[in-house]
>>> print(open('protein-v4.csv').read())   # CSV, C-alpha atoms
chain,number,residue,atom,x,y,z
A,1,MET,CA,-9.6,10.8,9.7
A,2,LEU,CA,-10.8,12.0,6.3
A,3,GLU,CA,-11.0,15.6,7.5
A,4,GLY,CA,-7.4,15.4,8.5
A,5,LEU,CA,-6.4,13.9,5.2
A,6,ASN,CA,-8.2,16.6,3.3
A,7,ARG,CA,-6.4,19.3,5.5
A,8,ALA,CA,-3.1,17.6,4.4
A,9,LEU,CA,-4.2,17.9,0.8
A,10,ASP,CA,-4.9,21.6,1.3
A,11,HIS,CA,-1.4,21.9,2.8
A,12,ILE,CA,0.1,20.2,-0.3
A,13,GLU,CA,-1.6,22.6,-2.6
A,14,GLU,CA,-0.2,25.6,-0.7
A,15,ARG,CA,3.3,24.3,-1.0
A,16,LEU,CA,3.6,22.8,-4.5
A,17,ASP,CA,6.2,25.4,-5.4
A,18,GLY,CA,8.2,24.8,-2.2
A,19,ASP,CA,9.4,22.0,0.2
A,20,LEU,CA,7.0,19.4,1.5
A,21,ASP,CA,7.6,17.5,4.7
A,22,VAL,CA,5.7,14.2,4.9
A,23,ALA,CA,6.1,14.1,8.7
A,24,GLU,CA,4.3,17.5,8.8
A,25,LEU,CA,1.6,16.2,6.5
A,26,ALA,CA,1.1,13.2,8.8
A,27,GLY,CA,0.8,15.6,11.8
A,28,ILE,CA,-1.9,17.6,10.0
A,29,ALA,CA,-3.8,14.4,9.4
A,30,THR,CA,-3.2,13.4,13.0
A,31,THR,CA,-1.6,10.0,12.2
A,32,SER,CA,1.8,8.5,11.9
A,33,GLU,CA,3.9,9.0,8.8
A,34,TYR,CA,3.8,5.3,8.1
A,35,HIS,CA,0.0,5.1,8.2
A,36,PHE,CA,-0.3,8.4,6.2
A,37,ARG,CA,1.7,7.0,3.3
A,38,ARG,CA,-0.1,3.7,3.3
A,39,LEU,CA,-3.6,5.2,3.6
A,40,PHE,CA,-2.9,7.8,1.0
A,41,SER,CA,-1.7,5.2,-1.5
A,42,ALA,CA,-4.8,3.1,-0.9
A,43,LEU,CA,-7.3,5.9,-1.2
A,44,ALA,CA,-5.6,7.8,-4.1
A,45,GLY,CA,-4.5,4.8,-6.1
A,46,MET,CA,-1.0,6.2,-6.3
A,47,PRO,CA,1.9,6.9,-3.9
A,48,LEU,CA,2.0,10.3,-2.3
A,49,SER,CA,5.2,11.2,-4.1
A,50,GLU,CA,3.6,10.5,-7.5
A,51,TYR,CA,0.6,12.6,-6.7
A,52,VAL,CA,2.8,15.5,-5.7
A,53,ARG,CA,4.9,15.1,-8.8
A,54,ARG,CA,1.9,15.1,-11.0
A,55,ARG,CA,0.3,18.1,-9.3
A,56,ARG,CA,3.5,20.1,-9.6
A,57,LEU,CA,3.9,19.2,-13.3
A,58,THR,CA,0.3,20.1,-13.9
A,59,LEU,CA,0.9,23.6,-12.6
A,60,ALA,CA,4.3,23.7,-14.4
A,61,GLY,CA,2.5,22.8,-17.6
A,62,ALA,CA,0.2,25.8,-17.3
A,63,GLU,CA,3.2,28.1,-16.7
A,64,VAL,CA,5.0,26.7,-19.7
A,65,LEU,CA,2.1,27.4,-22.0
A,66,ALA,CA,1.6,30.9,-20.4
A,67,GLY,CA,5.1,31.9,-21.4
A,68,GLU,CA,5.6,34.4,-18.7
A,69,ARG,CA,8.7,32.7,-17.2
A,70,THR,CA,11.6,31.0,-18.9
A,71,LEU,CA,11.6,27.2,-18.9
A,72,LEU,CA,14.5,27.2,-16.4
A,73,GLU,CA,12.6,29.5,-14.1
A,74,VAL,CA,9.6,27.2,-14.2
A,75,ALA,CA,11.8,24.2,-13.6
A,76,VAL,CA,13.5,25.7,-10.5
A,77,ARG,CA,10.1,26.9,-9.2
A,78,TYR,CA,8.8,23.4,-9.1
A,79,GLY,CA,11.9,21.7,-7.6
A,80,TYR,CA,14.0,20.7,-10.6
A,81,GLY,CA,17.7,21.5,-10.4
A,82,SER,CA,18.3,21.5,-14.1
A,83,GLY,CA,16.4,22.0,-17.4
A,84,GLU,CA,17.2,18.4,-18.4
A,85,ALA,CA,15.7,16.9,-15.3
A,86,PHE,CA,12.6,19.0,-15.7
A,87,ALA,CA,12.3,18.1,-19.4
A,88,ARG,CA,12.5,14.4,-18.6
A,89,ALA,CA,9.8,14.6,-15.9
A,90,PHE,CA,7.6,16.9,-18.0
A,91,ARG,CA,7.7,14.5,-21.0
A,92,ALA,CA,6.9,11.5,-18.7
A,93,VAL,CA,3.7,13.1,-17.6
A,94,HIS,CA,2.6,15.2,-20.6
A,95,GLY,CA,4.1,13.1,-23.5
A,96,VAL,CA,5.9,16.1,-24.9
A,97,GLY,CA,8.8,18.2,-23.9
A,98,PRO,CA,8.3,21.7,-22.3
A,99,GLY,CA,10.0,23.5,-25.2
A,100,GLU,CA,7.8,21.8,-27.8
A,101,ALA,CA,4.8,22.4,-25.7
A,102,ARG,CA,5.5,26.1,-25.6
A,103,ARG,CA,6.2,26.3,-29.3
A,104,THR,CA,3.1,24.4,-30.5
A,105,GLY,CA,0.6,25.0,-27.6
A,106,ALA,CA,0.3,21.2,-27.2
A,107,ALA,CA,-2.5,19.7,-25.2
A,108,LEU,CA,-1.1,18.7,-21.8
A,109,THR,CA,-2.2,16.1,-19.2
A,110,SER,CA,-3.8,17.5,-16.0
A,111,GLN,CA,-3.7,15.8,-12.6
A,112,PRO,CA,-6.8,17.1,-10.8
A,113,ARG,CA,-6.6,18.2,-7.2
A,114,MET,CA,-7.9,15.3,-5.0
A,115,SER,CA,-10.2,15.3,-2.0
A,116,PHE,CA,-11.3,12.3,0.0
A,117,ARG,CA,-14.8,11.4,1.0
A,118,LEU,CA,-16.4,8.3,2.5
A,119,VAL,CA,-19.4,6.9,0.6
A,120,VAL,CA,-21.6,4.9,2.9
A,121,GLU,CA,-23.7,2.4,0.9
A,122,GLY,CA,-25.1,0.4,3.8
A,123,ASN,CA,-25.3,-2.8,1.9
A,124,SER,CA,-22.4,-4.6,3.4
A,125,SER,CA,-20.5,-4.9,6.7
A,126,MET,CA,-17.0,-5.9,7.7
A,127,LYS,CA,-16.4,-8.4,10.5
A,128,TYR,CA,-13.4,-7.7,12.6
A,129,ARG,CA,-11.9,-8.1,16.1
A,130,THR,CA,-8.7,-6.8,17.7
A,131,VAL,CA,-6.1,-9.1,19.3
A,132,ALA,CA,-3.2,-8.2,21.5
A,133,ARG,CA,-0.3,-10.5,20.7
A,134,ASP,CA,3.0,-11.3,22.3
A,135,ALA,CA,6.0,-11.5,20.1
A,136,PHE,CA,6.0,-14.5,17.6
A,137,ARG,CA,7.7,-15.9,14.6
A,138,ILE,CA,6.7,-16.7,11.1
A,139,VAL,CA,8.7,-19.7,9.8
A,140,GLY,CA,8.6,-20.6,6.1
A,141,ASP,CA,9.7,-19.8,2.6
A,142,ARG,CA,10.4,-16.2,1.5
A,143,ALA,CA,10.2,-14.9,-2.0
A,144,ARG,CA,10.4,-11.4,-3.6
A,145,VAL,CA,7.3,-11.0,-5.7
A,146,PRO,CA,5.4,-8.2,-7.5
A,147,LEU,CA,2.1,-6.9,-6.1
A,148,VAL,CA,-0.9,-8.0,-8.2
A,149,HIS,CA,-4.3,-6.2,-7.5
A,150,GLU,CA,-6.7,-8.6,-9.2
A,151,GLY,CA,-6.5,-12.3,-10.2
A,152,GLU,CA,-3.9,-14.9,-9.3
A,153,ASN,CA,-0.4,-13.7,-8.5
A,154,PRO,CA,1.7,-16.0,-10.7
A,155,ALA,CA,4.9,-15.5,-8.7
A,156,ILE,CA,3.2,-16.5,-5.5
A,157,ALA,CA,1.6,-19.5,-7.1
A,158,THR,CA,5.0,-20.6,-8.5
A,159,GLN,CA,6.5,-20.1,-5.0
A,160,ILE,CA,3.9,-22.3,-3.3
A,161,ARG,CA,3.9,-25.0,-6.0
A,162,GLY,CA,7.7,-25.2,-5.8
A,163,LEU,CA,7.6,-26.2,-2.2
A,164,GLY,CA,5.8,-29.5,-2.9
A,165,GLN,CA,3.0,-31.2,-1.0
A,166,GLU,CA,5.3,-33.3,1.3
A,167,ALA,CA,7.2,-30.2,2.4
A,168,LEU,CA,4.0,-28.2,2.9
A,169,GLY,CA,2.8,-31.0,5.2
A,170,ARG,CA,5.9,-30.9,7.3
A,171,LEU,CA,5.8,-27.1,7.4
A,172,ALA,CA,2.1,-27.1,8.5
A,173,ALA,CA,3.0,-29.4,11.4
A,174,LEU,CA,5.2,-26.6,12.9
A,175,SER,CA,2.2,-24.3,13.4
A,176,THR,CA,1.7,-23.4,17.1
A,177,GLY,CA,-0.1,-20.1,17.0
A,178,GLU,CA,-2.9,-18.1,15.4
A,179,PRO,CA,-3.8,-18.0,12.6
A,180,ALA,CA,-3.3,-21.8,12.6
A,181,GLY,CA,-2.0,-23.8,9.7
A,182,LEU,CA,-0.3,-22.5,6.6
A,183,VAL,CA,-0.5,-18.7,6.1
A,184,SER,CA,0.7,-16.0,3.7
A,185,ALA,CA,2.5,-13.0,5.2
A,186,VAL,CA,3.2,-9.9,3.2
A,187,VAL,CA,6.0,-7.5,4.1
A,188,HIS,CA,5.7,-4.3,2.1
A,189,LEU,CA,9.1,-2.9,1.1
A,190,ALA,CA,7.9,0.5,-0.2
A,191,GLU,CA,5.2,3.0,0.7
A,192,SER,CA,3.4,2.4,-2.6
A,193,ARG,CA,0.7,-0.2,-3.1
A,194,GLU,CA,0.7,0.3,-6.9
A,195,GLU,CA,0.5,-2.7,-9.3
A,196,GLY,CA,3.9,-4.3,-9.8
A,197,VAL,CA,5.8,-2.9,-6.8
A,198,GLU,CA,7.9,-5.6,-5.1
A,199,LEU,CA,7.2,-7.1,-1.7
A,200,ASP,CA,8.4,-10.0,0.4
A,201,HIS,CA,5.9,-12.9,0.5
A,202,TRP,CA,6.3,-15.5,3.2
A,203,TYR,CA,4.5,-18.8,3.0
A,204,GLY,CA,4.7,-20.7,6.3
A,205,VAL,CA,3.3,-20.9,9.8
A,206,VAL,CA,3.0,-18.9,13.0
A,207,THR,CA,5.2,-20.2,15.8
A,208,GLY,CA,6.5,-19.1,19.2
A,209,ALA,CA,9.1,-16.4,19.5
A,210,GLY,CA,11.9,-18.8,20.3
A,211,ALA,CA,11.0,-21.5,17.8
A,212,GLY,CA,13.6,-22.8,15.4
A,213,ALA,CA,13.5,-22.7,11.6
A,214,PRO,CA,14.5,-26.0,10.1
A,215,GLU,CA,16.4,-25.9,6.9
A,216,PRO,CA,15.7,-24.7,4.2
A,217,TYR,CA,13.2,-22.3,5.8
A,218,GLU,CA,13.8,-18.8,7.3
A,219,ALA,CA,12.3,-17.1,10.3
A,220,LEU,CA,10.7,-13.6,10.5
A,221,ASP,CA,10.6,-12.2,14.0
A,222,VAL,CA,7.4,-10.2,14.7
A,223,PRO,CA,7.3,-8.0,17.8
A,224,ALA,CA,4.4,-7.8,20.3
A,225,GLY,CA,1.5,-5.6,19.3
A,226,THR,CA,-2.1,-5.2,18.5
A,227,TRP,CA,-3.7,-6.8,15.4
A,228,ALA,CA,-7.0,-6.1,13.7
A,229,VAL,CA,-8.4,-9.4,12.3
A,230,PHE,CA,-10.9,-9.3,9.4
A,231,GLU,CA,-13.0,-12.2,8.1
A,232,ASN,CA,-14.8,-12.8,4.8
A,233,GLU,CA,-15.8,-15.5,2.4
A,234,GLY,CA,-16.3,-15.3,-1.4
A,235,PRO,CA,-14.9,-16.0,-4.8
A,236,TYR,CA,-11.2,-16.9,-4.9
A,237,PRO,CA,-9.0,-14.9,-5.1
A,238,GLN,CA,-11.1,-11.8,-5.8
A,239,ALA,CA,-12.8,-11.6,-2.4
A,240,LEU,CA,-9.5,-11.8,-0.6
A,241,GLN,CA,-8.0,-9.0,-2.7
A,242,TYR,CA,-11.1,-6.9,-2.2
A,243,LEU,CA,-10.9,-7.5,1.5
A,244,TRP,CA,-7.4,-6.0,1.6
A,245,ARG,CA,-8.6,-3.0,-0.4
A,246,ASP,CA,-11.7,-2.4,1.7
A,247,VAL,CA,-9.7,-2.5,5.0
A,248,PHE,CA,-7.6,0.5,3.8
A,249,THR,CA,-10.3,2.5,1.9
A,250,GLU,CA,-13.3,1.9,4.2
A,251,TRP,CA,-12.3,0.5,7.6
A,252,PHE,CA,-9.3,2.7,8.5
A,253,PRO,CA,-10.9,6.0,7.5
A,254,SER,CA,-14.0,5.3,9.8
A,255,ASN,CA,-12.3,3.7,12.8
A,256,PRO,CA,-9.8,5.0,15.5
A,257,TYR,CA,-6.9,2.9,14.4
A,258,ALA,CA,-3.8,3.3,12.2
A,259,SER,CA,-1.6,0.7,10.5
A,260,ARG,CA,1.9,0.2,11.9
A,261,PRO,CA,4.9,-1.6,10.5
A,262,GLY,CA,4.7,-5.3,10.4
A,263,PRO,CA,3.7,-8.3,8.2
A,264,GLU,CA,0.1,-8.5,7.0
A,265,ILE,CA,-1.0,-12.1,7.5
A,266,LEU,CA,-3.6,-14.0,5.4
A,267,SER,CA,-5.1,-17.4,6.3
A,268,VAL,CA,-7.1,-19.0,3.5
A,269,ARG,CA,-9.3,-22.0,3.7
A,270,PRO,CA,-10.4,-22.8,0.1
A,271,SER,CA,-13.3,-24.9,-1.0
A,272,GLU,CA,-12.5,-28.2,-2.6
A,273,ASP,CA,-12.6,-26.8,-6.1
A,274,TRP,CA,-10.9,-23.6,-5.2
A,275,THR,CA,-13.7,-21.4,-6.5
A,276,THR,CA,-14.4,-19.8,-3.1
A,277,ALA,CA,-12.5,-19.4,0.1
A,278,ARG,CA,-12.9,-18.3,3.7
A,279,ALA,CA,-10.2,-15.9,4.8
A,280,GLU,CA,-8.8,-14.2,7.9
A,281,LEU,CA,-6.6,-11.1,7.3
A,282,TRP,CA,-4.4,-9.9,10.2
A,283,ILE,CA,-3.2,-6.3,10.0
A,284,PRO,CA,-0.9,-4.7,12.6
A,285,VAL,CA,-2.6,-1.7,14.0
A,286,GLU,CA,-2.3,0.9,16.8
A,287,HIS,CA,-5.2,2.7,18.5
A,288,THR,CA,-5.3,6.4,17.8
A,289,GLY,CA,-8.0,7.4,20.4
A,290,GLY,CA,-11.4,8.8,19.7
>>> encode(input="protein-v4.csv", output="structure tokens")
Amino acid sequence: MLEGLNRALDHIEERLDGDLDVAELAGIATTSEYHFRRLFSALAGMPLSEYVRRRRLTLAGAEVLAGERTLLEVAVRYGYGSGEAFARAFRAVHGVGPGEARRTGAALTSQPRMSFRLVVEGNSSMKYRTVARDAFRIVGDRARVPLVHEGENPAIATQIRGLGQEALGRLAALSTGEPAGLVSAVVHLAESREEGVELDHWYGVVTGAGAGAPEPYEALDVPAGTWAVFENEGPYPQALQYLWRDVFTEWFPSNPYASRPGPEILSVRPSEDWTTARAELWIPVEHTGG
């Protein structure tokens, strides 16, 4: 998998002054476009589109300083249809406009070329199993919230507190499937996993495919498929957030699976004082062979 990703990075470098097709990049990496985008964001710490933009503007910055082409020629070479659009993008990355940079020889920001490698430390292991599931439903409360990488997510905490203990008890009684009891389900609305990007957060229960959703709750229909189930235990909420990170940066690159569209489901069983928790994370996957 990592070899394929690095071949895709080589392909990006060869075409920074031309068109890039994400489907073609995914093919080079021998995975789906959906998984390629998700895995790239997790490993690179930024969306694919942002990396390409920064690499293009790094090369454009060098050409601006060299002075061999006009600013408009540089803009068109790296995919900008007007000098104004190029100037806005250039300033966003470099902190200075292209004209001023050329006049003053200003110091510019460089986005280094990336390559991916797997560091094997051998001091931890990740428990997982795969489960084939029929179609099911998640019934519960849905809220649009920002992604938070570390620490408590205030928007999710507010969502859950707003339901009230009595309502949560009635909701928990509707649970008929795995993972049992109250769960969180995350539906990503964009390819990016960067801090602050919006997602749909469901707090509810897993039920049968035909189960009803009593008011005021909603239902999310989830089609049949395979799920990878990961377990861990540790400080709350850090260990849970690290589990999500490790699945995409360590497990996927070294196992013959790819993520597929669908909600990522988290079941949390906290200690009495909420300092630690035991968790199960369900990720929708497909086998890629090998």
>>> atom_distance(input="protein-v4.csv", atom1="atom CA of Leu48 of chain A", atom2="atom CA of Glu231 of chain A")
29.0 Å
>>> closest_residue(input="protein-v4.csv", among="A:Pro223, A:Gly196, A:Gly140, A:Gly18", to="Ala209 of chain A", atoms="only C-alpha atoms")
A:Pro223
>>> closest_residue(input="protein-v4.csv", among="A:Val229, A:Leu281, A:Leu25, A:Val145", to="Asp200 of chain A", atoms="only C-alpha atoms")
A:Val145
>>> atom_distance(input="protein-v4.csv", atom1="atom CA of Leu16 of chain A", atom2="atom CA of Pro253 of chain A")
25.2 Å
>>> atom_distance(input="protein-v4.csv", atom1="atom CA of Ile265 of chain A", atom2="atom CA of Met46 of chain A")
22.9 Å
>>> closest_residue(input="protein-v4.csv", among="A:Pro146, A:Gly151, A:Pro284, A:Gly4", to="Ala239 of chain A", atoms="only C-alpha atoms")
A:Gly151
>>> residues_around(input="protein-v4.csv", residues="segment 270-275 of chain A", least_positions_apart="4", cutoff="9 Å", atoms="only C-alpha atoms", output="number ranges by chain")
A: 234-237, 279
>>> decode(input="protein-v4.csv", residues="segment 230-272 of chain A", atoms="N, CA and C atoms", output="PDB file, in the first residue's frame")
ATOM      1  N   PHE A 230     -12.153  -2.528  16.066  1.00  0.00           N
ATOM      2  CA  PHE A 230     -10.931  -2.324  16.837  1.00  0.00           C
ATOM      3  C   PHE A 230     -11.288  -2.070  18.298  1.00  0.00           C
ATOM      4  N   GLU A 231     -10.443  -2.565  19.192  1.00  0.00           N
ATOM      5  CA  GLU A 231     -10.685  -2.399  20.626  1.00  0.00           C
ATOM      6  C   GLU A 231      -9.475  -1.750  21.276  1.00  0.00           C
ATOM      7  N   ASN A 232      -9.739  -0.884  22.249  1.00  0.00           N
ATOM      8  CA  ASN A 232      -8.649  -0.402  23.095  1.00  0.00           C
ATOM      9  C   ASN A 232      -9.203   0.117  24.411  1.00  0.00           C
ATOM     10  N   GLU A 233      -8.309   0.414  25.330  1.00  0.00           N
ATOM     11  CA  GLU A 233      -8.677   0.933  26.641  1.00  0.00           C
ATOM     12  C   GLU A 233      -7.592   1.897  27.080  1.00  0.00           C
ATOM     13  N   GLY A 234      -8.003   3.045  27.638  1.00  0.00           N
ATOM     14  CA  GLY A 234      -7.003   4.009  28.072  1.00  0.00           C
ATOM     15  C   GLY A 234      -7.645   5.304  28.529  1.00  0.00           C
ATOM     16  N   PRO A 235      -6.832   6.360  28.687  1.00  0.00           N
ATOM     17  CA  PRO A 235      -7.344   7.646  29.162  1.00  0.00           C
ATOM     18  C   PRO A 235      -8.431   8.194  28.245  1.00  0.00           C
ATOM     19  N   TYR A 236      -9.444   8.772  28.845  1.00  0.00           N
ATOM     20  CA  TYR A 236     -10.557   9.327  28.072  1.00  0.00           C
ATOM     21  C   TYR A 236     -10.397  10.835  27.943  1.00  0.00           C
ATOM     22  N   PRO A 237     -10.569  11.453  26.729  1.00  0.00           N
ATOM     23  CA  PRO A 237     -10.908  10.823  25.451  1.00  0.00           C
ATOM     24  C   PRO A 237      -9.678  10.555  24.567  1.00  0.00           C
ATOM     25  N   GLN A 238      -8.468  10.811  25.092  1.00  0.00           N
ATOM     26  CA  GLN A 238      -7.278  10.752  24.234  1.00  0.00           C
ATOM     27  C   GLN A 238      -7.097   9.388  23.564  1.00  0.00           C
ATOM     28  N   ALA A 239      -7.270   8.305  24.334  1.00  0.00           N
ATOM     29  CA  ALA A 239      -7.031   6.971  23.783  1.00  0.00           C
ATOM     30  C   ALA A 239      -7.973   6.669  22.632  1.00  0.00           C
ATOM     31  N   LEU A 240      -9.214   7.181  22.705  1.00  0.00           N
ATOM     32  CA  LEU A 240     -10.171   6.947  21.631  1.00  0.00           C
ATOM     33  C   LEU A 240      -9.758   7.688  20.365  1.00  0.00           C
ATOM     34  N   GLN A 241      -9.315   8.933  20.533  1.00  0.00           N
ATOM     35  CA  GLN A 241      -8.889   9.715  19.377  1.00  0.00           C
ATOM     36  C   GLN A 241      -7.615   9.147  18.766  1.00  0.00           C
ATOM     37  N   TYR A 242      -6.710   8.649  19.593  1.00  0.00           N
ATOM     38  CA  TYR A 242      -5.496   8.024  19.071  1.00  0.00           C
ATOM     39  C   TYR A 242      -5.825   6.736  18.326  1.00  0.00           C
ATOM     40  N   LEU A 243      -6.861   6.012  18.791  1.00  0.00           N
ATOM     41  CA  LEU A 243      -7.270   4.790  18.111  1.00  0.00           C
ATOM     42  C   LEU A 243      -7.705   5.110  16.686  1.00  0.00           C
ATOM     43  N   TRP A 244      -8.522   6.125  16.501  1.00  0.00           N
ATOM     44  CA  TRP A 244      -8.965   6.545  15.172  1.00  0.00           C
ATOM     45  C   TRP A 244      -7.750   6.875  14.302  1.00  0.00           C
ATOM     46  N   ARG A 245      -6.814   7.640  14.871  1.00  0.00           N
ATOM     47  CA  ARG A 245      -5.611   8.024  14.126  1.00  0.00           C
ATOM     48  C   ARG A 245      -4.795   6.807  13.732  1.00  0.00           C
ATOM     49  N   ASP A 246      -4.588   5.887  14.674  1.00  0.00           N
ATOM     50  CA  ASP A 246      -3.728   4.730  14.412  1.00  0.00           C
ATOM     51  C   ASP A 246      -4.330   3.786  13.376  1.00  0.00           C
ATOM     52  N   VAL A 247      -5.662   3.687  13.341  1.00  0.00           N
ATOM     53  CA  VAL A 247      -6.292   2.835  12.333  1.00  0.00           C
ATOM     54  C   VAL A 247      -5.908   3.296  10.935  1.00  0.00           C
ATOM     55  N   PHE A 248      -5.924   4.615  10.699  1.00  0.00           N
ATOM     56  CA  PHE A 248      -5.662   5.121   9.355  1.00  0.00           C
ATOM     57  C   PHE A 248      -4.176   5.296   9.058  1.00  0.00           C
ATOM     58  N   THR A 249      -3.354   5.520  10.049  1.00  0.00           N
ATOM     59  CA  THR A 249      -1.932   5.743   9.767  1.00  0.00           C
ATOM     60  C   THR A 249      -1.084   4.487   9.938  1.00  0.00           C
ATOM     61  N   GLU A 250      -1.580   3.484  10.654  1.00  0.00           N
ATOM     62  CA  GLU A 250      -0.791   2.284  10.892  1.00  0.00           C
ATOM     63  C   GLU A 250      -1.466   1.014  10.369  1.00  0.00           C
ATOM     64  N   TRP A 251      -2.771   0.847  10.674  1.00  0.00           N
ATOM     65  CA  TRP A 251      -3.417  -0.416  10.322  1.00  0.00           C
ATOM     66  C   TRP A 251      -3.691  -0.519   8.831  1.00  0.00           C
ATOM     67  N   PHE A 252      -4.318   0.468   8.243  1.00  0.00           N
ATOM     68  CA  PHE A 252      -4.644   0.386   6.817  1.00  0.00           C
ATOM     69  C   PHE A 252      -3.402   0.218   5.939  1.00  0.00           C
ATOM     70  N   PRO A 253      -2.306   0.980   6.170  1.00  0.00           N
ATOM     71  CA  PRO A 253      -1.141   0.805   5.289  1.00  0.00           C
ATOM     72  C   PRO A 253      -0.499  -0.575   5.348  1.00  0.00           C
ATOM     73  N   SER A 254      -0.758  -1.342   6.400  1.00  0.00           N
ATOM     74  CA  SER A 254      -0.085  -2.636   6.543  1.00  0.00           C
ATOM     75  C   SER A 254      -1.053  -3.819   6.494  1.00  0.00           C
ATOM     76  N   ASN A 255      -2.301  -3.598   6.057  1.00  0.00           N
ATOM     77  CA  ASN A 255      -3.283  -4.675   5.959  1.00  0.00           C
ATOM     78  C   ASN A 255      -4.042  -4.573   4.630  1.00  0.00           C
ATOM     79  N   PRO A 256      -4.513  -5.726   4.089  1.00  0.00           N
ATOM     80  CA  PRO A 256      -5.149  -5.739   2.762  1.00  0.00           C
ATOM     81  C   PRO A 256      -6.614  -5.306   2.799  1.00  0.00           C
ATOM     82  N   TYR A 257      -6.870  -4.146   3.368  1.00  0.00           N
ATOM     83  CA  TYR A 257      -8.215  -3.594   3.442  1.00  0.00           C
ATOM     84  C   TYR A 257      -8.186  -2.125   3.047  1.00  0.00           C
ATOM     85  N   ALA A 258      -9.325  -1.633   2.573  1.00  0.00           N
ATOM     86  CA  ALA A 258      -9.505  -0.214   2.283  1.00  0.00           C
ATOM     87  C   ALA A 258     -10.808   0.243   2.922  1.00  0.00           C
ATOM     88  N   SER A 259     -10.867   1.495   3.319  1.00  0.00           N
ATOM     89  CA  SER A 259     -12.110   2.028   3.863  1.00  0.00           C
ATOM     90  C   SER A 259     -13.117   2.202   2.738  1.00  0.00           C
ATOM     91  N   ARG A 260     -14.387   2.155   3.077  1.00  0.00           N
ATOM     92  CA  ARG A 260     -15.463   2.374   2.118  1.00  0.00           C
ATOM     93  C   ARG A 260     -16.457   3.340   2.754  1.00  0.00           C
ATOM     94  N   PRO A 261     -17.321   3.961   1.943  1.00  0.00           N
ATOM     95  CA  PRO A 261     -18.280   4.914   2.511  1.00  0.00           C
ATOM     96  C   PRO A 261     -19.172   4.267   3.563  1.00  0.00           C
ATOM     97  N   GLY A 262     -19.476   5.035   4.590  1.00  0.00           N
ATOM     98  CA  GLY A 262     -20.339   4.545   5.660  1.00  0.00           C
ATOM     99  C   GLY A 262     -19.982   5.187   6.977  1.00  0.00           C
ATOM    100  N   PRO A 263     -20.883   5.102   7.950  1.00  0.00           N
ATOM    101  CA  PRO A 263     -20.602   5.699   9.255  1.00  0.00           C
ATOM    102  C   PRO A 263     -19.524   4.925  10.018  1.00  0.00           C
ATOM    103  N   GLU A 264     -18.688   5.645  10.744  1.00  0.00           N
ATOM    104  CA  GLU A 264     -17.719   5.037  11.651  1.00  0.00           C
ATOM    105  C   GLU A 264     -18.338   5.079  13.049  1.00  0.00           C
ATOM    106  N   ILE A 265     -18.462   3.927  13.671  1.00  0.00           N
ATOM    107  CA  ILE A 265     -19.267   3.788  14.893  1.00  0.00           C
ATOM    108  C   ILE A 265     -18.356   3.533  16.083  1.00  0.00           C
ATOM    109  N   LEU A 266     -18.591   4.261  17.154  1.00  0.00           N
ATOM    110  CA  LEU A 266     -17.775   4.145  18.355  1.00  0.00           C
ATOM    111  C   LEU A 266     -18.657   3.816  19.547  1.00  0.00           C
ATOM    112  N   SER A 267     -18.317   2.727  20.220  1.00  0.00           N
ATOM    113  CA  SER A 267     -18.985   2.338  21.464  1.00  0.00           C
ATOM    114  C   SER A 267     -18.016   2.573  22.610  1.00  0.00           C
ATOM    115  N   VAL A 268     -18.430   3.357  23.603  1.00  0.00           N
ATOM    116  CA  VAL A 268     -17.551   3.733  24.711  1.00  0.00           C
ATOM    117  C   VAL A 268     -18.158   3.266  26.028  1.00  0.00           C
ATOM    118  N   ARG A 269     -17.340   2.602  26.828  1.00  0.00           N
ATOM    119  CA  ARG A 269     -17.755   2.194  28.161  1.00  0.00           C
ATOM    120  C   ARG A 269     -16.801   2.847  29.160  1.00  0.00           C
ATOM    121  N   PRO A 270     -17.186   4.016  29.713  1.00  0.00           N
ATOM    122  CA  PRO A 270     -16.270   4.766  30.590  1.00  0.00           C
ATOM    123  C   PRO A 270     -16.203   4.193  31.995  1.00  0.00           C
ATOM    124  N   SER A 271     -15.103   4.523  32.669  1.00  0.00           N
ATOM    125  CA  SER A 271     -15.003   4.207  34.099  1.00  0.00           C
ATOM    126  C   SER A 271     -15.943   5.136  34.877  1.00  0.00           C
ATOM    127  N   GLU A 272     -16.130   4.865  36.156  1.00  0.00           N
ATOM    128  CA  GLU A 272     -17.074   5.651  36.955  1.00  0.00           C
ATOM    129  C   GLU A 272     -16.707   7.126  36.998  1.00  0.00           C
TER     130      GLU A 272
END
